[in-house]
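Coordinates from query.cif are shown below (mmCIF, C-alpha atoms and all ligand atoms; chains and numbers go by the auth columns).
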```
data_model
loop_
_atom_site.group_PDB
_atom_site.id
_atom_site.type_symbol
_atom_site.label_atom_id
_atom_site.label_comp_id
_atom_site.label_asym_id
_atom_site.label_seq_id
_atom_site.Cartn_x
_atom_site.Cartn_y
_atom_site.Cartn_z
_atom_site.B_iso_or_equiv
_atom_site.auth_seq_id
_atom_site.auth_asym_id
ATOM 1 C CA MET A 1 -42.564 -108.715 136.420 0.00 231 A
ATOM 2 C CA SER A 2 -42.793 -112.333 135.420 0.00 232 A
ATOM 3 C CA VAL A 3 -42.262 -113.898 132.025 0.00 233 A
ATOM 4 C CA GLU A 4 -43.788 -117.013 130.528 0.00 234 A
ATOM 5 C CA VAL A 5 -42.602 -118.384 127.211 0.00 235 A
ATOM 6 C CA LEU A 6 -45.112 -120.194 125.011 0.00 236 A
ATOM 7 C CA ALA A 7 -44.310 -122.428 122.084 0.00 237 A
ATOM 8 C CA ASP A 8 -45.990 -120.352 119.393 0.00 238 A
ATOM 9 C CA PRO A 9 -48.627 -117.638 118.815 0.00 239 A
ATOM 10 C CA ALA A 10 -51.494 -120.141 119.100 0.00 240 A
ATOM 11 C CA ALA A 11 -50.339 -121.307 122.529 0.00 241 A
ATOM 12 C CA LEU A 12 -49.782 -117.698 123.556 0.00 242 A
ATOM 13 C CA ALA A 13 -53.350 -116.804 122.594 0.00 243 A
ATOM 14 C CA VAL A 14 -54.777 -119.672 124.657 0.00 244 A
ATOM 15 C CA ARG A 15 -52.690 -118.752 127.702 0.00 245 A
ATOM 16 C CA ALA A 16 -53.534 -115.046 127.384 0.00 246 A
ATOM 17 C CA ALA A 17 -57.230 -115.878 127.035 0.00 247 A
ATOM 18 C CA ASP A 18 -56.967 -118.056 130.162 0.00 248 A
ATOM 19 C CA VAL A 19 -55.509 -115.135 132.123 0.00 249 A
ATOM 20 C CA ILE A 20 -58.120 -112.651 130.900 0.00 250 A
ATOM 21 C CA ALA A 21 -61.010 -115.071 131.420 0.00 251 A
ATOM 22 C CA ALA A 22 -59.818 -115.790 134.962 0.00 252 A
ATOM 23 C CA GLU A 23 -59.698 -112.052 135.684 0.00 253 A
ATOM 24 C CA ILE A 24 -63.254 -111.634 134.403 0.00 254 A
ATOM 25 C CA GLY A 25 -64.322 -114.685 136.398 0.00 255 A
ATOM 26 C CA GLN A 26 -62.981 -113.120 139.592 0.00 256 A
ATOM 27 C CA LYS A 27 -64.283 -109.641 138.817 0.00 257 A
ATOM 28 C CA PRO A 28 -67.136 -109.619 136.307 0.00 258 A
ATOM 29 C CA ASP A 29 -67.029 -105.811 136.001 0.00 259 A
ATOM 30 C CA LEU A 30 -63.334 -105.852 135.077 0.00 260 A
ATOM 31 C CA ARG A 31 -62.065 -102.501 133.806 0.00 261 A
ATOM 32 C CA VAL A 32 -59.669 -103.450 131.054 0.00 262 A
ATOM 33 C CA LEU A 33 -57.427 -101.454 128.749 0.00 263 A
ATOM 34 C CA VAL A 34 -57.652 -103.028 125.297 0.00 264 A
ATOM 35 C CA ALA A 35 -54.834 -102.911 122.747 0.00 265 A
ATOM 36 C CA THR A 36 -55.462 -103.380 119.058 0.00 266 A
ATOM 37 C CA GLY A 37 -52.664 -104.172 116.583 0.00 267 A
ATOM 38 C CA ASN A 38 -51.968 -107.677 115.306 0.00 268 A
ATOM 39 C CA THR A 39 -50.685 -109.381 118.433 0.00 269 A
ATOM 40 C CA PRO A 40 -53.835 -109.687 120.588 0.00 270 A
ATOM 41 C CA MET A 41 -56.244 -110.608 117.786 0.00 271 A
ATOM 42 C CA ALA A 42 -55.872 -114.379 118.237 0.00 272 A
ATOM 43 C CA THR A 43 -56.326 -113.923 121.987 0.00 273 A
ATOM 44 C CA TYR A 44 -59.575 -112.014 121.483 0.00 274 A
ATOM 45 C CA ALA A 45 -60.783 -114.647 118.994 0.00 275 A
ATOM 46 C CA GLU A 46 -59.972 -117.365 121.530 0.00 276 A
ATOM 47 C CA LEU A 47 -61.929 -115.503 124.222 0.00 277 A
ATOM 48 C CA ALA A 48 -64.893 -115.113 121.879 0.00 278 A
ATOM 49 C CA LYS A 49 -65.033 -118.909 121.446 0.00 279 A
ATOM 50 C CA ARG A 50 -65.542 -119.444 125.175 0.00 280 A
ATOM 51 C CA ALA A 51 -69.272 -119.864 125.521 0.00 281 A
ATOM 52 C CA ASP A 52 -69.121 -119.837 129.327 0.00 282 A
ATOM 53 C CA LEU A 53 -67.448 -116.423 129.495 0.00 283 A
ATOM 54 C CA ASP A 54 -69.796 -113.627 130.564 0.00 284 A
ATOM 55 C CA ALA A 55 -68.203 -110.270 129.729 0.00 285 A
ATOM 56 C CA SER A 56 -71.440 -108.296 129.803 0.00 286 A
ATOM 57 C CA GLN A 57 -70.326 -106.242 132.818 0.00 287 A
ATOM 58 C CA VAL A 58 -66.765 -105.644 131.615 0.00 288 A
ATOM 59 C CA VAL A 59 -65.715 -102.059 130.870 0.00 289 A
ATOM 60 C CA ALA A 60 -63.421 -101.872 127.821 0.00 290 A
ATOM 61 C CA VAL A 61 -61.076 -98.884 127.828 0.00 291 A
ATOM 62 C CA GLN A 62 -59.498 -97.766 124.563 0.00 292 A
ATOM 63 C CA LEU A 63 -55.698 -97.620 124.607 0.00 293 A
ATOM 64 C CA ASP A 64 -54.994 -95.312 121.696 0.00 294 A
ATOM 65 C CA GLU A 65 -56.354 -93.691 118.547 0.00 295 A
ATOM 66 C CA TYR A 66 -55.109 -91.859 115.499 0.00 296 A
ATOM 67 C CA LEU A 67 -55.707 -88.150 115.569 0.00 297 A
ATOM 68 C CA GLY A 68 -58.519 -86.958 113.326 0.00 298 A
ATOM 69 C CA VAL A 69 -59.676 -90.486 112.532 0.00 299 A
ATOM 70 C CA LEU A 70 -63.399 -91.080 112.967 0.00 300 A
ATOM 71 C CA GLU A 71 -65.187 -94.334 113.679 0.00 301 A
ATOM 72 C CA ASP A 72 -66.209 -94.975 110.076 0.00 302 A
ATOM 73 C CA ASP A 73 -62.602 -94.644 108.854 0.00 303 A
ATOM 74 C CA PRO A 74 -61.062 -98.070 108.114 0.00 304 A
ATOM 75 C CA ARG A 75 -58.063 -97.033 110.216 0.00 305 A
ATOM 76 C CA SER A 76 -60.110 -96.305 113.345 0.00 306 A
ATOM 77 C CA LEU A 77 -58.634 -98.135 116.324 0.00 307 A
ATOM 78 C CA TYR A 78 -61.927 -97.617 118.154 0.00 308 A
ATOM 79 C CA ALA A 79 -63.752 -99.511 115.412 0.00 309 A
ATOM 80 C CA TRP A 80 -61.040 -102.199 115.462 0.00 310 A
ATOM 81 C CA MET A 81 -61.483 -102.623 119.222 0.00 311 A
ATOM 82 C CA ARG A 82 -65.259 -102.861 118.796 0.00 312 A
ATOM 83 C CA ARG A 83 -64.980 -105.493 116.018 0.00 313 A
ATOM 84 C CA SER A 84 -62.356 -107.631 117.726 0.00 314 A
ATOM 85 C CA PHE A 85 -63.157 -107.363 121.442 0.00 315 A
ATOM 86 C CA VAL A 86 -66.282 -105.432 122.408 0.00 316 A
ATOM 87 C CA GLU A 87 -68.834 -106.994 120.059 0.00 317 A
ATOM 88 C CA PRO A 88 -67.593 -110.622 119.976 0.00 318 A
ATOM 89 C CA LEU A 89 -67.403 -110.710 123.782 0.00 319 A
ATOM 90 C CA GLY A 90 -70.691 -108.915 124.384 0.00 320 A
ATOM 91 C CA VAL A 91 -69.090 -106.025 126.282 0.00 321 A
ATOM 92 C CA ARG A 92 -71.594 -103.219 126.829 0.00 322 A
ATOM 93 C CA GLN A 93 -69.554 -100.378 128.290 0.00 323 A
ATOM 94 C CA VAL A 94 -66.657 -98.637 126.575 0.00 324 A
ATOM 95 C CA VAL A 95 -64.436 -95.720 127.539 0.00 325 A
ATOM 96 C CA ARG A 96 -63.368 -94.033 124.363 0.00 326 A
ATOM 97 C CA LEU A 97 -60.263 -92.046 123.470 0.00 327 A
ATOM 98 C CA ASP A 98 -61.828 -89.933 120.754 0.00 328 A
ATOM 99 C CA GLY A 99 -59.500 -89.106 117.874 0.00 329 A
ATOM 100 C CA GLY A 100 -62.139 -86.876 116.316 0.00 330 A
ATOM 101 C CA ALA A 101 -62.388 -84.490 119.261 0.00 331 A
ATOM 102 C CA ASP A 102 -60.104 -81.699 120.376 0.00 332 A
ATOM 103 C CA PRO A 103 -56.973 -83.607 121.532 0.00 333 A
ATOM 104 C CA GLU A 104 -56.622 -81.841 124.857 0.00 334 A
ATOM 105 C CA ALA A 105 -60.317 -82.167 125.681 0.00 335 A
ATOM 106 C CA ALA A 106 -60.372 -85.835 124.599 0.00 336 A
ATOM 107 C CA SER A 107 -57.350 -86.618 126.791 0.00 337 A
ATOM 108 C CA ARG A 108 -58.846 -84.885 129.832 0.00 338 A
ATOM 109 C CA ALA A 109 -62.236 -86.574 129.306 0.00 339 A
ATOM 110 C CA PHE A 110 -60.511 -89.962 129.073 0.00 340 A
ATOM 111 C CA ASP A 111 -58.533 -89.397 132.282 0.00 341 A
ATOM 112 C CA ALA A 112 -61.624 -88.148 134.114 0.00 342 A
ATOM 113 C CA GLU A 113 -63.573 -91.222 133.058 0.00 343 A
ATOM 114 C CA THR A 114 -60.848 -93.730 133.992 0.00 344 A
ATOM 115 C CA GLN A 115 -60.405 -91.969 137.349 0.00 345 A
ATOM 116 C CA ARG A 116 -64.153 -92.102 137.913 0.00 346 A
ATOM 117 C CA LEU A 117 -63.931 -95.855 137.359 0.00 347 A
ATOM 118 C CA GLY A 118 -61.218 -96.030 140.023 0.00 348 A
ATOM 119 C CA GLY A 119 -58.421 -96.948 137.630 0.00 349 A
ATOM 120 C CA LEU A 120 -57.923 -100.137 135.680 0.00 350 A
ATOM 121 C CA ASP A 121 -57.879 -103.766 136.725 0.00 351 A
ATOM 122 C CA LEU A 122 -56.063 -105.106 133.694 0.00 352 A
ATOM 123 C CA ALA A 123 -54.083 -103.601 130.814 0.00 353 A
ATOM 124 C CA ILE A 124 -53.711 -105.804 127.721 0.00 354 A
ATOM 125 C CA LEU A 125 -50.763 -104.507 125.718 0.00 355 A
ATOM 126 C CA GLY A 126 -48.674 -105.292 122.676 0.00 356 A
ATOM 127 C CA LEU A 127 -45.054 -104.212 122.314 0.00 357 A
ATOM 128 C CA GLY A 128 -44.068 -101.690 119.676 0.00 358 A
ATOM 129 C CA PRO A 129 -40.989 -102.294 117.542 0.00 359 A
ATOM 130 C CA ASN A 130 -39.433 -99.277 119.282 0.00 360 A
ATOM 131 C CA GLY A 131 -40.534 -100.322 122.758 0.00 361 A
ATOM 132 C CA HIS A 132 -43.690 -98.209 122.771 0.00 362 A
ATOM 133 C CA LEU A 133 -46.762 -99.057 124.839 0.00 363 A
ATOM 134 C CA GLY A 134 -49.953 -97.776 123.286 0.00 364 A
ATOM 135 C CA PHE A 135 -48.496 -94.801 121.451 0.00 365 A
ATOM 136 C CA ASN A 136 -46.193 -93.788 124.270 0.00 366 A
ATOM 137 C CA GLU A 137 -43.334 -93.303 121.865 0.00 367 A
ATOM 138 C CA PRO A 138 -39.712 -93.070 123.000 0.00 368 A
ATOM 139 C CA PRO A 139 -38.376 -91.041 124.633 0.00 369 A
ATOM 140 C CA CYS A 140 -41.075 -91.386 127.269 0.00 370 A
ATOM 141 C CA GLY A 141 -40.906 -91.358 131.046 0.00 371 A
ATOM 142 C CA PRO A 142 -43.194 -93.189 133.435 0.00 372 A
ATOM 143 C CA GLU A 143 -45.134 -89.994 134.186 0.00 373 A
ATOM 144 C CA ALA A 144 -46.065 -89.209 130.577 0.00 374 A
ATOM 145 C CA PRO A 145 -49.754 -88.281 130.633 0.00 375 A
ATOM 146 C CA THR A 146 -52.613 -89.118 128.308 0.00 376 A
ATOM 147 C CA ARG A 147 -51.879 -86.841 125.358 0.00 377 A
ATOM 148 C CA ARG A 148 -51.363 -86.080 121.701 0.00 378 A
ATOM 149 C CA VAL A 149 -48.213 -87.680 120.238 0.00 379 A
ATOM 150 C CA GLY A 150 -46.319 -87.701 116.963 0.00 380 A
ATOM 151 C CA LEU A 151 -45.575 -91.200 115.678 0.00 381 A
ATOM 152 C CA THR A 152 -41.959 -92.229 115.210 0.00 382 A
ATOM 153 C CA PRO A 153 -40.715 -93.616 111.877 0.00 383 A
ATOM 154 C CA GLU A 154 -40.685 -97.148 113.391 0.00 384 A
ATOM 155 C CA SER A 155 -44.336 -96.896 114.374 0.00 385 A
ATOM 156 C CA LEU A 156 -45.351 -95.409 111.034 0.00 386 A
ATOM 157 C CA ALA A 157 -43.599 -98.302 109.287 0.00 387 A
ATOM 158 C CA SER A 158 -45.099 -101.039 111.450 0.00 388 A
ATOM 159 C CA ASN A 159 -48.608 -99.555 111.343 0.00 389 A
ATOM 160 C CA ALA A 160 -48.418 -99.290 107.553 0.00 390 A
ATOM 161 C CA GLY A 161 -48.853 -103.055 107.485 0.00 391 A
ATOM 162 C CA TYR A 162 -52.371 -102.735 108.920 0.00 392 A
ATOM 163 C CA TRP A 163 -53.754 -100.980 105.786 0.00 393 A
ATOM 164 C CA PRO A 164 -51.407 -101.388 102.840 0.00 394 A
ATOM 165 C CA ASP A 165 -53.445 -98.980 100.711 0.00 395 A
ATOM 166 C CA LEU A 166 -53.959 -96.165 103.213 0.00 396 A
ATOM 167 C CA ALA A 167 -51.601 -93.619 104.724 0.00 397 A
ATOM 168 C CA VAL A 168 -50.841 -94.020 108.413 0.00 398 A
ATOM 169 C CA PRO A 169 -51.867 -90.886 110.329 0.00 399 A
ATOM 170 C CA ARG A 170 -48.801 -89.128 111.701 0.00 400 A
ATOM 171 C CA GLU A 171 -50.296 -88.253 115.079 0.00 401 A
ATOM 172 C CA ALA A 172 -52.296 -90.064 117.702 0.00 402 A
ATOM 173 C CA LEU A 173 -53.777 -89.923 121.172 0.00 403 A
ATOM 174 C CA THR A 174 -52.527 -92.375 123.735 0.00 404 A
ATOM 175 C CA ALA A 175 -53.463 -93.366 127.245 0.00 405 A
ATOM 176 C CA GLY A 176 -50.661 -92.117 129.458 0.00 406 A
ATOM 177 C CA MET A 177 -48.043 -94.194 131.202 0.00 407 A
ATOM 178 C CA PRO A 178 -49.575 -93.829 134.709 0.00 408 A
ATOM 179 C CA THR A 179 -52.869 -95.225 133.386 0.00 409 A
ATOM 180 C CA ILE A 180 -50.941 -98.293 132.238 0.00 410 A
ATOM 181 C CA LEU A 181 -48.465 -98.662 135.099 0.00 411 A
ATOM 182 C CA ASN A 182 -51.103 -98.224 137.802 0.00 412 A
ATOM 183 C CA ALA A 183 -53.322 -100.983 136.449 0.00 413 A
ATOM 184 C CA ARG A 184 -53.750 -103.702 139.047 0.00 414 A
ATOM 185 C CA ARG A 185 -52.272 -106.118 136.508 0.00 415 A
ATOM 186 C CA VAL A 186 -50.555 -105.702 133.143 0.00 416 A
ATOM 187 C CA LEU A 187 -50.476 -108.379 130.465 0.00 417 A
ATOM 188 C CA LEU A 188 -47.844 -107.754 127.783 0.00 418 A
ATOM 189 C CA LEU A 189 -48.144 -109.984 124.715 0.00 419 A
ATOM 190 C CA VAL A 190 -45.095 -110.353 122.477 0.00 420 A
ATOM 191 C CA GLN A 191 -44.603 -112.622 119.520 0.00 421 A
ATOM 192 C CA GLY A 192 -42.271 -112.944 116.557 0.00 422 A
ATOM 193 C CA ALA A 193 -38.533 -112.782 116.019 0.00 423 A
ATOM 194 C CA HIS A 194 -38.811 -109.122 115.004 0.00 424 A
ATOM 195 C CA LYS A 195 -39.693 -108.303 118.638 0.00 425 A
ATOM 196 C CA ARG A 196 -36.803 -110.257 120.142 0.00 426 A
ATOM 197 C CA ASP A 197 -34.310 -107.429 120.509 0.00 427 A
ATOM 198 C CA VAL A 198 -36.754 -104.875 121.849 0.00 428 A
ATOM 199 C CA LEU A 199 -38.207 -107.402 124.295 0.00 429 A
ATOM 200 C CA HIS A 200 -34.715 -108.188 125.523 0.00 430 A
ATOM 201 C CA ARG A 201 -34.087 -104.484 126.114 0.00 431 A
ATOM 202 C CA ALA A 202 -37.427 -104.106 127.895 0.00 432 A
ATOM 203 C CA LEU A 203 -36.696 -107.046 130.196 0.00 433 A
ATOM 204 C CA HIS A 204 -32.967 -106.770 130.755 0.00 434 A
ATOM 205 C CA GLY A 205 -31.718 -103.333 129.690 0.00 435 A
ATOM 206 C CA PRO A 206 -31.853 -100.215 131.860 0.00 436 A
ATOM 207 C CA GLU A 207 -35.201 -98.700 132.799 0.00 437 A
ATOM 208 C CA THR A 208 -35.048 -95.862 130.338 0.00 438 A
ATOM 209 C CA PRO A 209 -37.182 -93.383 128.384 0.00 439 A
ATOM 210 C CA ALA A 210 -35.591 -94.902 125.277 0.00 440 A
ATOM 211 C CA VAL A 211 -37.616 -98.095 125.876 0.00 441 A
ATOM 212 C CA PRO A 212 -41.005 -97.170 127.367 0.00 442 A
ATOM 213 C CA ALA A 213 -41.800 -100.851 127.985 0.00 443 A
ATOM 214 C CA SER A 214 -38.862 -101.011 130.406 0.00 444 A
ATOM 215 C CA TRP A 215 -41.055 -99.090 132.891 0.00 445 A
ATOM 216 C CA LEU A 216 -43.299 -102.162 133.099 0.00 446 A
ATOM 217 C CA ARG A 217 -40.830 -103.587 135.610 0.00 447 A
ATOM 218 C CA ARG A 218 -42.406 -101.103 138.038 0.00 448 A
ATOM 219 C CA ALA A 219 -45.862 -102.598 137.468 0.00 449 A
ATOM 220 C CA ASN A 220 -47.491 -105.925 138.235 0.00 450 A
ATOM 221 C CA THR A 221 -46.655 -107.283 134.809 0.00 451 A
ATOM 222 C CA LEU A 222 -46.997 -110.706 133.266 0.00 452 A
ATOM 223 C CA VAL A 223 -45.183 -111.003 129.943 0.00 453 A
ATOM 224 C CA LEU A 224 -46.373 -113.751 127.630 0.00 454 A
ATOM 225 C CA ALA A 225 -43.898 -114.247 124.798 0.00 455 A
ATOM 226 C CA ASP A 226 -43.574 -116.886 122.150 0.00 456 A
ATOM 227 C CA GLN A 227 -40.289 -118.655 121.588 0.00 457 A
ATOM 228 C CA ALA A 228 -39.478 -116.598 118.515 0.00 458 A
ATOM 229 C CA ALA A 229 -39.581 -113.429 120.630 0.00 459 A
ATOM 230 C CA HIS A 230 -37.952 -114.962 123.698 0.00 460 A
ATOM 231 C CA PRO A 231 -35.796 -117.960 122.868 0.00 461 A
ATOM 232 C CA GLU A 232 -35.514 -120.147 125.950 0.00 462 A
ATOM 233 C CA SER A 233 -31.994 -121.099 124.984 0.00 463 A
ATOM 234 C CA GLY A 234 -29.261 -119.366 123.074 0.00 464 A
ATOM 235 C CA GLY A 235 -28.972 -116.304 125.258 0.00 465 A
ATOM 236 C CA GLY A 236 -32.496 -114.881 124.815 0.00 466 A
HETATM 237 C C1 LIG B . -52.225 -100.905 119.497 0.00 501 A
HETATM 238 C C2 LIG B . -51.079 -100.323 120.200 0.00 501 A
HETATM 239 C C3 LIG B . -49.666 -100.604 119.841 0.00 501 A
HETATM 240 C C4 LIG B . -49.406 -102.066 119.473 0.00 501 A
HETATM 241 C C5 LIG B . -47.942 -102.294 119.138 0.00 501 A
HETATM 242 C C6 LIG B . -47.692 -103.706 118.652 0.00 501 A
HETATM 243 O O1 LIG B . -53.443 -100.440 120.084 0.00 501 A
HETATM 244 O O2 LIG B . -51.283 -99.576 121.086 0.00 501 A
HETATM 245 O O3 LIG B . -48.853 -100.223 120.926 0.00 501 A
HETATM 246 O O4 LIG B . -49.791 -102.877 120.542 0.00 501 A
HETATM 247 O O5 LIG B . -47.512 -101.401 118.165 0.00 501 A
HETATM 248 O O6 LIG B . -48.402 -103.880 117.457 0.00 501 A
HETATM 249 P P1 LIG B . -48.532 -105.320 116.773 0.00 501 A
HETATM 250 O O7 LIG B . -49.254 -106.165 117.733 0.00 501 A
HETATM 251 O O8 LIG B . -49.327 -105.078 115.521 0.00 501 A
HETATM 252 O O9 LIG B . -47.135 -105.796 116.536 0.00 501 A
#
```
Could you write out this file's structure as structure tokens?
Amino acid sequence: MSVEVLADPAALAVRAADVIAAEIGQKPDLRVLVATGNTPMATYAELAKRADLDASQVVAVQLDEYLGVLEDDPRSLYAWMRRSFVEPLGVRQVVRLDGGADPEAASRAFDAETQRLGGLDLAILGLGPNGHLGFNEPPCGPEAPTRRVGLTPESLASNAGYWPDLAVPREALTAGMPTILNARRVLLLVQGAHKRDVLHRALHGPETPAVPASWLRRANTLVLADQAAHPESGGG
């Protein structure tokens, strides 16, 4: 695991876009796990500005979805991924984690499809306020499979900010921990002072089910954090 600290969210987005663009440059059919949430949006917008980037062979793999939420629902994470990443970048192939299907069948179909692809090249992740990755909510071991999960109070509270007028679904589907940890490379994006404590635990605390992101030390992980989340001085 390596950590780079960037001055602010704008610098983080440029650096993250550089990393992702370089991966696509080296492997045009990159198989990439795509987080939604607030953190990676500036990175995706930065990528979309790069006229020389050809992502037409990239395979975008959905990280998580609310249970029972269909594509035309404003809360659909699939639709959010399409709007922010797939369409602006001209990606043509998507592996979906379908919140509208039977949860067990959707999880097995997702795993079968990612295995058929030979696993993932890159996982782009944000960090939950409780240390979750995707919706791998604590407590969560490194073997936790793709599955149906109940959201913790921390996740319900943080996701409520995405749609102030709509209820946050209480359950979700998430790509499992092995899907994430076995990616050839993991890119964890973390910004804001509200992530400082959980990032510190993920980087320096014990590897523990209480902080799912702590398992990323077992993967080929690059953490990009802004100074608010990872102060370079003052004991961060
Ligand atoms: C989103 C996801 C979540 C978020 C995390 C951070 O697809 O899987 O794990 O990455 O909750 O969310 P933000 O970036 O909104 O702080």
| query | Between A:Ala459, A:Leu347, A:Met231, A:Ala278, which one has atoms that come closest to ligand LIG 501 (chain A), using all atoms listed in the file? | reply | A:Ala459
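Each residue with an atom within 6 Å of any atom of ligand LIG 501 (chain A) appears in the list, which was built counting all atoms listed in the file: Ala265, Thr266, Gly267, Asn268, Thr269, Leu293, Asp294, Leu355, Gly356, Leu357, Gly358, His362, Leu363, Gly364 and Phe365 of chain A.
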Take the selection from the previous step and output its residues with C-alpha atoms, as a PDB file, in the coordinates of the input.
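Below is the file result.pdb, written as the result:
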```pdb
ATOM      1  CA  ALA A 265     -54.834-102.911 122.747  1.00  0.00           C
ATOM      2  CA  THR A 266     -55.462-103.380 119.058  1.00  0.00           C
ATOM      3  CA  GLY A 267     -52.664-104.172 116.583  1.00  0.00           C
ATOM      4  CA  ASN A 268     -51.968-107.677 115.306  1.00  0.00           C
ATOM      5  CA  THR A 269     -50.685-109.381 118.433  1.00  0.00           C
ATOM      6  CA  LEU A 293     -55.698 -97.620 124.607  1.00  0.00           C
ATOM      7  CA  ASP A 294     -54.994 -95.312 121.696  1.00  0.00           C
ATOM      8  CA  LEU A 355     -50.763-104.507 125.718  1.00  0.00           C
ATOM      9  CA  GLY A 356     -48.674-105.292 122.676  1.00  0.00           C
ATOM     10  CA  LEU A 357     -45.054-104.212 122.314  1.00  0.00           C
ATOM     11  CA  GLY A 358     -44.068-101.690 119.676  1.00  0.00           C
ATOM     12  CA  HIS A 362     -43.690 -98.209 122.771  1.00  0.00           C
ATOM     13  CA  LEU A 363     -46.762 -99.057 124.839  1.00  0.00           C
ATOM     14  CA  GLY A 364     -49.953 -97.776 123.286  1.00  0.00           C
ATOM     15  CA  PHE A 365     -48.496 -94.801 121.451  1.00  0.00           C
TER      16      PHE A 365
END
```
| Need the neighbours of (-69.2, -103.6, 135.1): which residues are at most 12 Å away, counting all atoms listed in the file, as a PyMOL selection string? | chain A and resi 254+257-262+284-291+321-325+347+350-351
| request: Tell me which residues the PyMOL selection byres (((chain A and resi 455) around 12) and not hetatm) grabs here, as a VMD selection string. | output: chain A and resid 232 to 243 245 to 246 269 to 270 355 to 357 417 to 423 425 to 426 429 to 430 433 452 to 454 456 to 462 466
| Ala402 in chain A: which residues within 6 Å, counting all atoms listed in the file, same-chain residues fewer than 6 positions away excluded, as a PyMOL selection string? | chain A and resi 295-297+378-379
| request: Figure out the distance between CA of Leu263 in chain A and CA of Phe340 in chain A, please, to one decimal in Å. | output: 11.9 Å
| task | Apply the PyMOL selection byres (((chain A and resi 383-389) around 9) and not hetatm) to the displayed file and report the matching residues as a ChimeraX atom specification. | result | /A:267,358-360,362,365,367,381-382,390-393,398-400
Emit the selected residues as a PDB file, in the coordinates of the input, including C-alpha atoms.
```pdb
ATOM      1  CA  GLY A 267     -52.664-104.172 116.583  1.00  0.00           C
ATOM      2  CA  GLY A 358     -44.068-101.690 119.676  1.00  0.00           C
ATOM      3  CA  PRO A 359     -40.989-102.294 117.542  1.00  0.00           C
ATOM      4  CA  ASN A 360     -39.433 -99.277 119.282  1.00  0.00           C
ATOM      5  CA  HIS A 362     -43.690 -98.209 122.771  1.00  0.00           C
ATOM      6  CA  PHE A 365     -48.496 -94.801 121.451  1.00  0.00           C
ATOM      7  CA  GLU A 367     -43.334 -93.303 121.865  1.00  0.00           C
ATOM      8  CA  LEU A 381     -45.575 -91.200 115.678  1.00  0.00           C
ATOM      9  CA  THR A 382     -41.959 -92.229 115.210  1.00  0.00           C
ATOM     10  CA  ALA A 390     -48.418 -99.290 107.553  1.00  0.00           C
ATOM     11  CA  GLY A 391     -48.853-103.055 107.485  1.00  0.00           C
ATOM     12  CA  TYR A 392     -52.371-102.735 108.920  1.00  0.00           C
ATOM     13  CA  TRP A 393     -53.754-100.980 105.786  1.00  0.00           C
ATOM     14  CA  VAL A 398     -50.841 -94.020 108.413  1.00  0.00           C
ATOM     15  CA  PRO A 399     -51.867 -90.886 110.329  1.00  0.00           C
ATOM     16  CA  ARG A 400     -48.801 -89.128 111.701  1.00  0.00           C
TER      17      ARG A 400
END
```
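For the choices A:Val441, A:Ala331, A:Leu446, A:Val416, the atom-to-atom distance to Cys370 in chain A is smallest for A:Val441 when using only C-alpha atoms.
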| said: Quick check, in Å to one decimal: how far apart do CA of Pro372 in chain A and CA of Gly406 in chain A lie? | reply: 8.5 Å
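Surrounding residues of (-57.6, -91.4, 115.8) at most 9 Å away are Asp294, Glu295, Tyr296, Leu297, Gly298, Val299, Leu300, Glu301, Arg305, Ser306, Leu307, Tyr308, Leu327, Asp328, Gly329, Gly330, Pro399, Glu401, Ala402 and Leu403 of chain A (based on only C-alpha atoms).
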Within 8 Å of Ala440 in chain A, counting all atoms listed in the file, which residues qualify if same-chain residues fewer than 2 places away don't, as a PDB file with C-alpha atoms, in the coordinates of the input?
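Wrote it out as part_26.pdb, contents follow:
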```pdb
ATOM      1  CA  GLY A 361     -40.534-100.322 122.758  1.00  0.00           C
ATOM      2  CA  PRO A 368     -39.712 -93.070 123.000  1.00  0.00           C
ATOM      3  CA  PRO A 369     -38.376 -91.041 124.633  1.00  0.00           C
ATOM      4  CA  CYS A 370     -41.075 -91.386 127.269  1.00  0.00           C
ATOM      5  CA  THR A 438     -35.048 -95.862 130.338  1.00  0.00           C
ATOM      6  CA  PRO A 442     -41.005 -97.170 127.367  1.00  0.00           C
TER       7      PRO A 442
END
```
| task | Go through A:Met271, A:Leu283, A:Met407, A:Leu352 one by one, measure the shortest atom-to-atom distance of each to Arg313 in chain A using only C-alpha atoms, and give the residue with the smallest value. | result | A:Met271
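With CA of Val428 in chain A on one side and CA of Val244 in chain A on the other, the separation reads 23.5 Å.
Residues matched by the PyMOL selection byres (((chain A and resi 318) around 9) and not hetatm) in this file are A:Tyr274, A:Ala275, A:Leu277, A:Ala278, A:Lys279, A:Arg312, A:Arg313, A:Ser314, A:Phe315, A:Val316, A:Glu317, A:Leu319, A:Gly320, A:Val321.
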Axis-aligned box for range 301-305 of chain A, 6 Å per side, centre and edges in Å as AutoDock Vina command-line options:
```
--center_x -62.1 --center_y -96.2 --center_z 110.9 --size_x 20.1 --size_y 15.7 --size_z 17.6
```
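Each of A:Pro408, A:Pro394, A:Pro375, A:Gly380 was checked against Gly349 in chain A using all atoms listed in the file; the smallest atom-to-atom distance is that of A:Pro408.
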